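Engineer: Coordinates in protein.pdb, PDB, C-alpha atoms, are listed below.
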MODEL        1
ATOM      1  CA  MET V   9       0.000   0.000   0.000
ATOM      2  CA  LEU V  10       1.170   3.505  -0.752
ATOM      3  CA  LEU V  11       0.583   5.863   2.170
ATOM      4  CA  LYS V  12       1.209   9.600   2.404
ATOM      5  CA  PRO V  13       1.690  10.347   6.120
ATOM      6  CA  VAL V  14       3.041  13.860   5.477
ATOM      7  CA  PHE V  15       1.856  14.946   8.938
ATOM      8  CA  LEU V  16       4.272  12.505  10.618
ATOM      9  CA  ALA V  17       7.729  13.703  11.655
ATOM     10  CA  ALA V  18      10.579  11.506  10.428
ATOM     11  CA  THR V  19      11.627  10.980  14.048
ATOM     12  CA  ARG V  20       8.206   9.385  14.709
ATOM     13  CA  GLN V  21       8.154   6.966  11.781
ATOM     14  CA  PHE V  22       7.743   3.973  14.106
ATOM     15  CA  ASP V  23       4.261   5.380  14.847
ATOM     16  CA  LEU V  24       3.328   4.388  11.286
ATOM     17  CA  ASN V  25       4.580   0.873  11.955
ATOM     18  CA  ILE V  26       2.385   0.822  15.059
ATOM     19  CA  ALA V  27      -0.726   1.949  13.131
ATOM     20  CA  VAL V  28      -0.229  -0.579  10.313
ATOM     21  CA  SER V  29       0.534  -3.380  12.805
ATOM     22  CA  LEU V  30      -2.545  -2.572  14.865
ATOM     23  CA  ALA V  31      -4.773  -2.501  11.769
ATOM     24  CA  ILE V  32      -3.698  -6.053  10.926
ATOM     25  CA  PHE V  33      -3.873  -7.082  14.582
ATOM     26  CA  ARG V  34      -7.480  -5.866  14.841
ATOM     27  CA  MET V  35      -8.494  -7.548  11.600
ATOM     28  CA  LEU V  36      -6.955 -10.874  12.691
ATOM     29  CA  SER V  37      -8.262 -10.573  16.262
ATOM     30  CA  ALA V  38     -11.802 -10.431  14.900
ATOM     31  CA  CYS V  39     -11.190 -13.931  13.484
ATOM     32  CA  PHE V  40      -9.047 -15.285  16.331
ATOM     33  CA  PRO V  41      -9.854 -13.391  19.554
ATOM     34  CA  GLY V  42      -7.111 -13.443  22.175
ATOM     35  CA  LYS V  43      -4.701 -15.441  19.997
ATOM     36  CA  ILE V  44      -2.916 -12.772  17.910
ATOM     37  CA  ALA V  45       0.224 -10.895  18.937
ATOM     38  CA  LEU V  46       2.616  -8.410  17.346
ATOM     39  CA  LYS V  47       6.203  -9.655  17.492
ATOM     40  CA  TRP V  48       8.636  -6.764  17.413
ATOM     41  CA  PRO V  49       9.576  -5.266  15.052
ATOM     42  CA  ASN V  50       7.370  -6.467  12.209
ATOM     43  CA  ASP V  51       5.839  -9.936  12.594
ATOM     44  CA  LEU V  52       2.290 -11.161  13.183
ATOM     45  CA  TYR V  53       1.914 -14.161  15.435
ATOM     46  CA  TYR V  54      -0.829 -16.628  16.249
ATOM     47  CA  GLN V  55       0.286 -17.971  19.615
ATOM     48  CA  ASP V  56       3.920 -19.019  18.921
ATOM     49  CA  GLN V  57       3.572 -19.319  15.149
ATOM     50  CA  LYS V  58       4.308 -16.732  12.481
ATOM     51  CA  MET V  59       1.285 -15.732  10.426
ATOM     52  CA  GLY V  60       2.806 -12.836   8.534
ATOM     53  CA  GLY V  61       5.021  -9.803   8.461
ATOM     54  CA  ILE V  62       5.184  -6.128   7.608
ATOM     55  CA  LEU V  63       7.857  -4.116   5.845
ATOM     56  CA  ILE V  64       7.536  -0.333   5.594
ATOM     57  CA  GLU V  65       9.858   1.831   3.517
ATOM     58  CA  ASN V  66       9.654   5.569   4.104
ATOM     59  CA  THR V  67      10.654   8.546   2.007
ATOM     60  CA  VAL V  68      11.508  11.645   4.006
ATOM     61  CA  LYS V  69      11.093  15.213   2.776
ATOM     62  CA  GLY V  70      12.478  17.858   5.097
ATOM     63  CA  THR V  71      11.614  16.787   8.638
ATOM     64  CA  ASN V  72       8.465  14.787   7.778
ATOM     65  CA  LEU V  73       7.603  11.623   5.933
ATOM     66  CA  ALA V  74       6.641  12.233   2.302
ATOM     67  CA  GLN V  75       5.348   8.791   1.496
ATOM     68  CA  SER V  76       5.528   5.228   2.753
ATOM     69  CA  VAL V  77       5.163   1.887   1.070
ATOM     70  CA  ALA V  78       3.725  -0.709   3.434
ATOM     71  CA  GLY V  79       4.217  -4.277   2.320
ATOM     72  CA  ILE V  80       2.144  -6.826   4.189
ATOM     73  CA  GLY V  81       2.669 -10.546   3.832
ATOM     74  CA  LEU V  82      -0.106 -12.555   5.423
ATOM     75  CA  ASN V  83      -0.572 -16.315   5.263
ATOM     76  CA  VAL V  84      -4.263 -16.556   4.451
ATOM     77  CA  ASN V  85      -5.094 -19.785   2.594
ATOM     78  CA  GLN V  86      -1.741 -21.622   2.539
ATOM     79  CA  LEU V  87      -1.698 -25.149   3.882
ATOM     80  CA  GLU V  88       1.952 -26.122   3.387
ATOM     81  CA  PHE V  89       4.969 -24.249   4.717
ATOM     82  CA  ALA V  90       8.720 -24.627   4.434
ATOM     83  CA  HIS V  91       9.188 -23.256   7.967
ATOM     84  CA  PRO V  92       7.832 -25.320  10.907
ATOM     85  CA  ARG V  93       6.840 -22.187  12.891
ATOM     86  CA  ALA V  94       4.568 -20.814  10.110
ATOM     87  CA  VAL V  95       0.766 -20.926  10.149
ATOM     88  CA  SER V  96      -2.103 -19.541   8.069
ATOM     89  CA  MET V  97      -5.588 -18.313   8.798
ATOM     90  CA  ARG V  98      -6.985 -21.309   6.907
ATOM     91  CA  SER V  99      -4.880 -23.875   8.761
ATOM     92  CA  ILE V 100      -6.116 -22.467  12.077
ATOM     93  CA  ALA V 101      -9.795 -22.011  11.166
ATOM     94  CA  LYS V 102      -9.959 -25.191   9.046
ATOM     95  CA  GLN V 103     -11.758 -23.259   6.311
ATOM     96  CA  PRO V 104     -10.722 -21.010   3.420
ATOM     97  CA  PHE V 105     -11.001 -17.223   3.528
ATOM     98  CA  VAL V 106     -12.107 -14.851   0.752
ATOM     99  CA  LEU V 107      -9.099 -12.636   0.012
ATOM    100  CA  GLU V 108     -11.202  -9.613  -1.004
ATOM    101  CA  GLU V 109     -13.032  -9.701   2.331
ATOM    102  CA  ILE V 110      -9.752  -9.877   4.247
ATOM    103  CA  LEU V 111      -8.316  -6.982   2.232
ATOM    104  CA  ASN V 112     -11.438  -4.841   2.703
ATOM    105  CA  GLU V 113     -11.425  -5.377   6.463
ATOM    106  CA  LEU V 114      -7.728  -4.585   6.623
ATOM    107  CA  LEU V 115      -8.192  -1.371   4.631
ATOM    108  CA  GLU V 116     -11.074  -0.310   6.895
ATOM    109  CA  GLN V 117      -8.946  -0.850   9.992
ATOM    110  CA  LEU V 118      -5.993   0.960   8.433
ATOM    111  CA  GLU V 119      -8.174   3.941   7.551
ATOM    112  CA  LEU V 120      -9.541   4.090  11.112
ATOM    113  CA  LEU V 121      -6.016   4.180  12.539
ATOM    114  CA  THR V 122      -4.409   6.627  10.105
ATOM    115  CA  CYS V 123      -7.116   9.162   9.226
ATOM    116  CA  ASN V 124      -7.551  12.586  10.821
ATOM    117  CA  SER V 125      -9.854  11.223  13.515
ATOM    118  CA  ALA V 126      -7.494   8.342  14.396
ATOM    119  CA  PRO V 127      -6.729   7.712  18.063
ATOM    120  CA  ALA V 128      -3.852   9.752  19.510
ATOM    121  CA  ALA V 129      -0.319   8.397  19.189
ATOM    122  CA  GLU V 130      -0.132   7.550  22.903
ATOM    123  CA  GLU V 131      -3.371   5.565  22.716
ATOM    124  CA  LEU V 132      -2.042   3.626  19.710
ATOM    125  CA  ARG V 133       1.281   3.041  21.472
ATOM    126  CA  LYS V 134      -0.543   1.644  24.518
ATOM    127  CA  ALA V 135      -2.603  -0.697  22.301
ATOM    128  CA  TYR V 136       0.583  -1.803  20.513
ATOM    129  CA  LEU V 137       2.315  -2.577  23.810
ATOM    130  CA  ASN V 138      -0.725  -4.550  24.982
ATOM    131  CA  ALA V 139      -0.509  -6.649  21.800
ATOM    132  CA  LEU V 140       3.280  -7.098  21.953
ATOM    133  CA  TYR V 141       4.364 -10.741  21.784
ATOM    134  CA  ALA V 142       6.072 -12.079  24.935
ATOM    135  CA  ARG V 143       5.856  -8.767  26.806
ATOM    136  CA  ASP V 144       6.628  -9.211  30.512
ATOM    137  CA  GLN V 145       7.663 -12.843  29.975
ATOM    138  CA  ARG V 146      11.145 -14.287  30.586
ATOM    139  CA  LYS V 147      12.586 -15.427  27.252
ATOM    140  CA  LEU V 148      15.919 -16.344  25.730
ATOM    141  CA  PHE V 149      17.524 -13.918  23.278
ATOM    142  CA  ARG V 150      20.620 -13.885  21.133
ATOM    143  CA  VAL V 151      22.533 -10.644  21.680
ATOM    144  CA  GLY V 152      25.660 -10.628  19.560
ATOM    145  CA  GLU V 153      27.291 -14.014  20.152
ATOM    146  CA  GLU V 154      25.686 -14.529  23.562
ATOM    147  CA  ILE V 155      22.423 -16.152  24.581
ATOM    148  CA  ARG V 156      20.865 -14.108  27.370
ATOM    149  CA  GLU V 157      17.660 -14.292  29.363
ATOM    150  CA  GLY V 158      15.514 -11.192  29.454
ATOM    151  CA  THR V 159      12.053  -9.716  29.727
ATOM    152  CA  ILE V 160      10.532  -7.451  27.074
ATOM    153  CA  ARG V 161       9.245  -4.306  28.766
ATOM    154  CA  GLY V 162       8.189  -2.265  25.757
ATOM    155  CA  VAL V 163       9.298  -0.218  22.771
ATOM    156  CA  ASP V 164      10.711   3.304  22.887
ATOM    157  CA  SER V 165       9.525   6.216  20.724
ATOM    158  CA  THR V 166      12.040   5.414  17.968
ATOM    159  CA  GLY V 167      11.014   1.765  17.788
ATOM    160  CA  ARG V 168      13.842   0.162  19.770
ATOM    161  CA  LEU V 169      12.907  -2.877  21.848
ATOM    162  CA  LEU V 170      13.262  -2.374  25.605
ATOM    163  CA  VAL V 171      14.440  -5.514  27.365
ATOM    164  CA  GLU V 172      15.301  -5.971  31.017
ATOM    165  CA  MET V 173      18.379  -8.162  31.417
ATOM    166  CA  GLU V 174      19.961  -8.800  34.802
ATOM    167  CA  HIS V 175      17.988  -5.940  36.395
ATOM    168  CA  GLU V 176      19.175  -3.462  33.761
ATOM    169  CA  SER V 177      16.975  -1.957  31.046
ATOM    170  CA  ARG V 178      18.564  -2.101  27.593
ATOM    171  CA  SER V 179      17.326  -0.915  24.195
ATOM    172  CA  PHE V 180      17.913  -2.781  20.948
ATOM    173  CA  SER V 181      17.543  -1.826  17.312
ATOM    174  CA  PHE V 182      16.478  -4.253  14.613
ATOM    175  CA  ARG V 183      19.004  -7.097  14.144
ATOM    176  CA  GLU V 184      20.754  -6.418  17.464
ATOM    177  CA  ILE V 185      18.594  -8.970  19.282
ATOM    178  CA  ALA V 186      16.683 -12.112  18.279
ATOM    179  CA  PHE V 187      14.457 -14.611  20.036
ATOM    180  CA  VAL V 188      15.979 -18.021  20.685
ATOM    181  CA  TRP V 189      13.191 -20.561  20.186
ATOM    182  CA  SER V 190      15.319 -23.498  21.261
ATOM    183  CA  ARG V 191      19.033 -23.639  21.969
ATOM    184  CA  GLY V 192      20.842 -22.427  18.853
ATOM    185  CA  LYS V 193      17.739 -21.584  16.756
ATOM    186  CA  GLU V 194      16.271 -18.102  16.256
TER     187      GLU V 194
ENDMDL
END
Please, can you express the file's structure as structure tokens?
Structural biologist:
Amino acid sequence: MLLKPVFLAATRQFDLNIAVSLAIFRMLSACFPGKIALKWPNDLYYQDQKMGGILIENTVKGTNLAQSVAGIGLNVNQLEFAHPRAVSMRSIAKQPFVLEEILNELLEQLELLTCNSAPAAEELRKAYLNALYARDQRKLFRVGEEIREGTIRGVDSTGRLLVEMEHESRSFSFREIAFVWSRGKE
């Protein structure tokens, strides 16, 4: 999707990621209440399985965003996957979905969260944190060459993941930290 969030300062571009993520989260939660989570920075999860992902590329003009391209990959009707942690809407619901209906619902949610009457940034941030996968749970992470235990506490205003490790709060950018699903596998 091509978006023109010209009102959004370049320093707040993660707010766009939050709005797009929440639009998908709300659409999926209508189908699977209480089972969907947003895995930082850009994945959609059904319990512990990946259902999709988001990639947003922004163009900046001056101090604001000029335009953004939001790419959304969502496993809707797939039944076979190369990755064992992948899942689709169809494999969960045991029935196919009409792609046009899914797209229309997604676009409605996206419009609600990005139009002039959209909820305030702080309200969206709070909803995003409430939907954040593994928040406040002890998990294993790969940080550099080390495997460390930590607890996700949130996301800062620039989109860095906040993780408490050994009673110290640390922030991580994309690719600086990864979940360890089982020893040696991210």
Engineer: Interatomic distance between atom CA of Leu148 of chain V and atom CA of Ile26 of chain V?
Structural biologist: 24.3 Å
Engineer: What is the distance, in Å and to one decimal place, between atom CA of Cys39 of chain V and atom CA of Leu140 of chain V?
Structural biologist: 18.1 Å
Engineer: Determine, counting only C-alpha atoms, which protein, DNA and RNA residues have an atom within 12 Å of an atom of Gln103 of chain V; residues of the same chain fewer than 4 positions away are not included. Present the result as a PyMOL selection string.
Structural biologist: chain V and resi 39+84-87+96-99
Engineer: Extract, using only C-alpha atoms, all DNA, RNA and protein residues at most 12 Å from Pro41 of chain V, discarding same-chain residues fewer than 6 positions from it, and format them as a VMD selection string.
Structural biologist: chain V and resid 33 to 35 54 to 55 139
Engineer: Within 6 Å of Val171 of chain V, counting only C-alpha atoms, which residues show up once you throw out same-chain ones fewer than 3 positions away? Write them as a PDB file with C-alpha atoms, in the coordinates of the input, please.
Structural biologist:
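Below is the file that was written, selection.pdb:
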ATOM      1  CA  THR V 159      12.053  -9.716  29.727  1.00  0.00           C
ATOM      2  CA  ILE V 160      10.532  -7.451  27.074  1.00  0.00           C
ATOM      3  CA  ARG V 161       9.245  -4.306  28.766  1.00  0.00           C
ATOM      4  CA  SER V 177      16.975  -1.957  31.046  1.00  0.00           C
ATOM      5  CA  ARG V 178      18.564  -2.101  27.593  1.00  0.00           C
TER       6      ARG V 178
END
Engineer: Go through the shown structure with the PyMOL selection byres ((chain V and resi 78) around 8) and write out the matching residues as a ChimeraX atom specification.
Structural biologist: /V:9-11,28,62-65,76-77,79-80
Engineer: Please list as a count of residues only every residue within 12 Å of Asn83 of chain V, counting all atoms listed in the file and excluding residues in the same chain fewer than 5 positions away.
Structural biologist: 24
Engineer: Just how far from atom CA of Asp23 of chain V is atom CA of Val68 of chain V, in Å to one decimal?
Structural biologist: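 Going from atom CA of Val68 of chain V over to atom CA of Asp23 of chain V covers 14.5 Å.
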Engineer: I'd like to see the residues matched by the PyMOL selection byres ((chain V and resi 152) around 12) on this file, and ideally I'd get them as an MDAnalysis selection string.
Structural biologist: chainID V and resid 149:151 153:156 180 183:187
Engineer: Export C-alpha atoms of the chosen residues as a PDB file, in the frame of the given file?
Structural biologist:
ATOM      1  CA  PHE V 149      17.524 -13.918  23.278  1.00  0.00           C
ATOM      2  CA  ARG V 150      20.620 -13.885  21.133  1.00  0.00           C
ATOM      3  CA  VAL V 151      22.533 -10.644  21.680  1.00  0.00           C
ATOM      4  CA  GLU V 153      27.291 -14.014  20.152  1.00  0.00           C
ATOM      5  CA  GLU V 154      25.686 -14.529  23.562  1.00  0.00           C
ATOM      6  CA  ILE V 155      22.423 -16.152  24.581  1.00  0.00           C
ATOM      7  CA  ARG V 156      20.865 -14.108  27.370  1.00  0.00           C
ATOM      8  CA  PHE V 180      17.913  -2.781  20.948  1.00  0.00           C
ATOM      9  CA  ARG V 183      19.004  -7.097  14.144  1.00  0.00           C
ATOM     10  CA  GLU V 184      20.754  -6.418  17.464  1.00  0.00           C
ATOM     11  CA  ILE V 185      18.594  -8.970  19.282  1.00  0.00           C
ATOM     12  CA  ALA V 186      16.683 -12.112  18.279  1.00  0.00           C
ATOM     13  CA  PHE V 187      14.457 -14.611  20.036  1.00  0.00           C
TER      14      PHE V 187
END
Engineer: Would you write out, as a PyMOL selection string, every residue that the PyMOL selection byres ((chain V and resi 17) around 10) captures in this file?
Structural biologist: chain V and resi 13-16+18-21+23+68-74
Engineer: So, with all atoms listed in the file as the atoms that count, which of V:Leu82, V:Ala90, V:Ala135, V:Val188 lies closest to Ile32 of chain V?
Structural biologist: V:Leu82
Engineer: Would you mind telling me which residue in V:Leu30, V:Leu118, V:Ile44, V:Ala38 lies nearest to Ala142 of chain V when using only C-alpha atoms?
Structural biologist: V:Ile44
Engineer: Looking at all atoms listed in the file, which of V:Gly42, V:Pro49, V:Gly162, V:Pro92 is the one that sits closest to Phe182 of chain V?
Structural biologist: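 For Phe182 of chain V, the nearest of the candidates is V:Pro49.
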Engineer: May I ask you to restore N, CA and C atoms in segment 116-130 of chain V and write the result as a compact mmCIF listing (two decimals), keeping the file's coordinate frame?
Structural biologist:
# COMPACT_ATOMS: atom_id res chain seq x y z
N GLU V 116 -10.21 -1.05 5.97
CA GLU V 116 -11.07 -0.31 6.90
C GLU V 116 -10.35 -0.02 8.21
N GLN V 117 -9.68 -1.03 8.74
CA GLN V 117 -8.95 -0.85 9.99
C GLN V 117 -7.80 0.15 9.82
N LEU V 118 -7.11 0.04 8.70
CA LEU V 118 -5.99 0.96 8.43
C LEU V 118 -6.49 2.40 8.32
N GLU V 119 -7.62 2.59 7.66
CA GLU V 119 -8.17 3.94 7.55
C GLU V 119 -8.56 4.49 8.92
N LEU V 120 -9.16 3.65 9.77
CA LEU V 120 -9.54 4.09 11.11
C LEU V 120 -8.33 4.54 11.94
N LEU V 121 -7.19 3.90 11.72
CA LEU V 121 -6.02 4.18 12.54
C LEU V 121 -5.07 5.22 11.96
N THR V 122 -5.31 5.65 10.71
CA THR V 122 -4.41 6.63 10.10
C THR V 122 -5.10 7.90 9.62
N CYS V 123 -6.41 7.97 9.71
CA CYS V 123 -7.12 9.16 9.23
C CYS V 123 -7.05 10.28 10.28
N ASN V 124 -7.60 11.42 9.93
CA ASN V 124 -7.55 12.59 10.82
C ASN V 124 -8.19 12.35 12.18
N SER V 125 -9.19 11.48 12.24
CA SER V 125 -9.85 11.22 13.52
C SER V 125 -9.30 9.97 14.21
N ALA V 126 -8.12 9.52 13.79
CA ALA V 126 -7.49 8.34 14.40
C ALA V 126 -7.18 8.60 15.87
N PRO V 127 -7.11 7.53 16.66
CA PRO V 127 -6.73 7.71 18.06
C PRO V 127 -5.36 8.39 18.17
N ALA V 128 -5.13 9.06 19.28
CA ALA V 128 -3.85 9.75 19.51
C ALA V 128 -2.70 8.75 19.54
N ALA V 129 -1.51 9.25 19.25
CA ALA V 129 -0.32 8.40 19.19
C ALA V 129 -0.11 7.62 20.48
N GLU V 130 -0.33 8.24 21.62
CA GLU V 130 -0.13 7.55 22.90
C GLU V 130 -1.13 6.41 23.09
